[in-house]
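Visitor: As input, take upload-v2.cif (mmCIF, C-alpha atoms):
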```cif
data_structure
loop_
_atom_site.label_atom_id
_atom_site.label_comp_id
_atom_site.auth_asym_id
_atom_site.auth_seq_id
_atom_site.Cartn_x
_atom_site.Cartn_y
_atom_site.Cartn_z
CA MET Q 1 16.21 -13.21 17.76
CA LEU Q 2 12.63 -11.95 17.84
CA LYS Q 3 13.72 -8.53 16.57
CA VAL Q 4 15.43 -10.14 13.60
CA ILE Q 5 12.34 -12.17 12.73
CA LYS Q 6 10.13 -9.10 13.05
CA SER Q 7 12.38 -7.00 10.82
CA ILE Q 8 12.51 -9.76 8.19
CA TYR Q 9 8.71 -9.99 8.32
CA GLU Q 10 8.33 -6.21 7.90
CA PHE Q 11 10.83 -6.25 5.03
CA MET Q 12 8.92 -9.02 3.25
CA ARG Q 13 5.64 -7.11 3.69
CA ARG Q 14 7.27 -3.98 2.24
CA ILE Q 15 8.72 -5.61 -0.87
CA SER Q 16 5.54 -7.60 -1.54
CA GLY Q 17 3.29 -4.55 -1.16
CA ASP Q 18 1.29 -6.14 1.64
CA ASP Q 19 1.75 -3.08 3.86
CA LEU Q 20 0.40 -0.55 1.35
CA TYR Q 21 -2.88 -0.09 3.17
CA ASP Q 22 -1.09 0.43 6.49
CA LEU Q 23 1.06 3.11 4.85
CA TYR Q 24 -2.07 4.66 3.36
CA LEU Q 25 -3.66 4.85 6.82
CA MET Q 26 -0.57 6.50 8.32
CA ASN Q 27 -0.45 9.00 5.47
CA HIS Q 28 -4.17 9.73 5.83
CA LYS Q 29 -3.71 10.56 9.52
CA GLN Q 30 -0.86 12.98 8.71
CA CYS Q 31 -2.50 14.58 5.68
CA SER Q 32 -3.77 18.13 6.13
CA LYS Q 33 -6.39 17.72 3.38
CA LYS Q 34 -8.79 15.25 4.92
CA HIS Q 35 -10.48 13.17 2.27
CA LYS Q 36 -12.80 10.24 2.74
CA LEU Q 37 -10.96 7.19 4.01
CA MET Q 38 -11.16 4.23 1.63
CA SER Q 39 -11.93 0.76 2.89
CA LYS Q 40 -9.22 -1.86 2.51
CA GLN Q 41 -11.07 -3.53 -0.36
CA LYS Q 42 -11.67 -0.27 -2.18
CA PHE Q 43 -8.03 0.79 -1.67
CA TYR Q 44 -6.67 -2.40 -3.20
CA GLN Q 45 -9.12 -2.17 -6.10
CA ALA Q 46 -7.99 1.41 -6.79
CA THR Q 47 -4.35 0.28 -6.59
CA LEU Q 48 -4.97 -2.50 -9.11
CA ASP Q 49 -6.91 -0.19 -11.42
CA LYS Q 50 -4.08 2.33 -11.36
CA LYS Q 51 -1.45 -0.35 -11.94
CA TRP Q 52 -3.18 -2.03 -14.89
CA SER Q 53 -4.82 0.90 -16.67
CA GLY Q 54 -3.36 2.16 -19.91
CA ILE Q 55 -0.84 0.65 -22.26
CA LYS Q 56 1.99 -1.18 -20.51
CA ARG Q 57 4.20 -2.20 -23.41
CA CYS Q 58 7.17 -0.75 -25.17
CA CYS Q 59 6.12 -1.21 -28.81
#
```
Could you render the structure from this file as structure tokens?

Guide:
Amino acid sequence: MLKVIKSIYEFMRRISGDDLYDLYLMNHKQCSKKHKLMSKQKFYQATLDKKWSGIKRCC
């Protein structure tokens, strides 16, 4: 039962984007080009800036 709850929790984090920073940390550890690690706050700000920059409409 605990495994089911844990997998549901991880699924919800994945679809909501709550685990993006964790994925970023894992990718940073595996990356051969070491760049400066962003703080959690700076990472989320960069994510929001990327998401909302530019025109986001069809017409």

Visitor: Report, in Å to a single decimal, how far apart CA of Met1 (chain Q) and CA of Leu25 (chain Q) are.

Guide: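 Atom-to-atom, CA of Leu25 (chain Q) to CA of Met1 (chain Q), that is 29.0 Å.
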
Visitor: Between CA of Tyr9 (chain Q) and CA of Tyr24 (chain Q), what distance in Å does the model show, to one decimal?

Guide: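 Those two atoms sit 18.9 Å apart.
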
Visitor: Have a look at CA of Gln41 (chain Q) and CA of Tyr21 (chain Q) and let me know their distance in Å, one decimal.

Guide: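 Answer for the CA of Gln41 (chain Q) to CA of Tyr21 (chain Q) separation: 9.6 Å.
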
Visitor: For each of Q:Leu23, Q:Met12, Q:Ile5, Q:Cys58, take the minimum atom-to-atom distance to Lys40 (chain Q), counting only C-alpha atoms, then give the residue where this is smallest.

Guide: Q:Leu23

Visitor: Any idea what's packed within 12 Å of region 43-47 of chain Q, counting all atoms listed in the file, ignoring anything in its chain fewer than 3 positions away? Could you give it as a CSV table (one decimal) with C-alpha atoms, in the frame of the given file?

Guide:
```csv
chain,number,residue,atom,x,y,z
Q,17,GLY,CA,3.3,-4.6,-1.2
Q,18,ASP,CA,1.3,-6.1,1.6
Q,19,ASP,CA,1.8,-3.1,3.9
Q,20,LEU,CA,0.4,-0.6,1.4
Q,21,TYR,CA,-2.9,-0.1,3.2
Q,22,ASP,CA,-1.1,0.4,6.5
Q,23,LEU,CA,1.1,3.1,4.8
Q,24,TYR,CA,-2.1,4.7,3.4
Q,25,LEU,CA,-3.7,4.8,6.8
Q,36,LYS,CA,-12.8,10.2,2.7
Q,37,LEU,CA,-11.0,7.2,4.0
Q,38,MET,CA,-11.2,4.2,1.6
Q,39,SER,CA,-11.9,0.8,2.9
Q,40,LYS,CA,-9.2,-1.9,2.5
Q,50,LYS,CA,-4.1,2.3,-11.4
Q,51,LYS,CA,-1.4,-0.4,-11.9
Q,52,TRP,CA,-3.2,-2.0,-14.9
Q,53,SER,CA,-4.8,0.9,-16.7
```
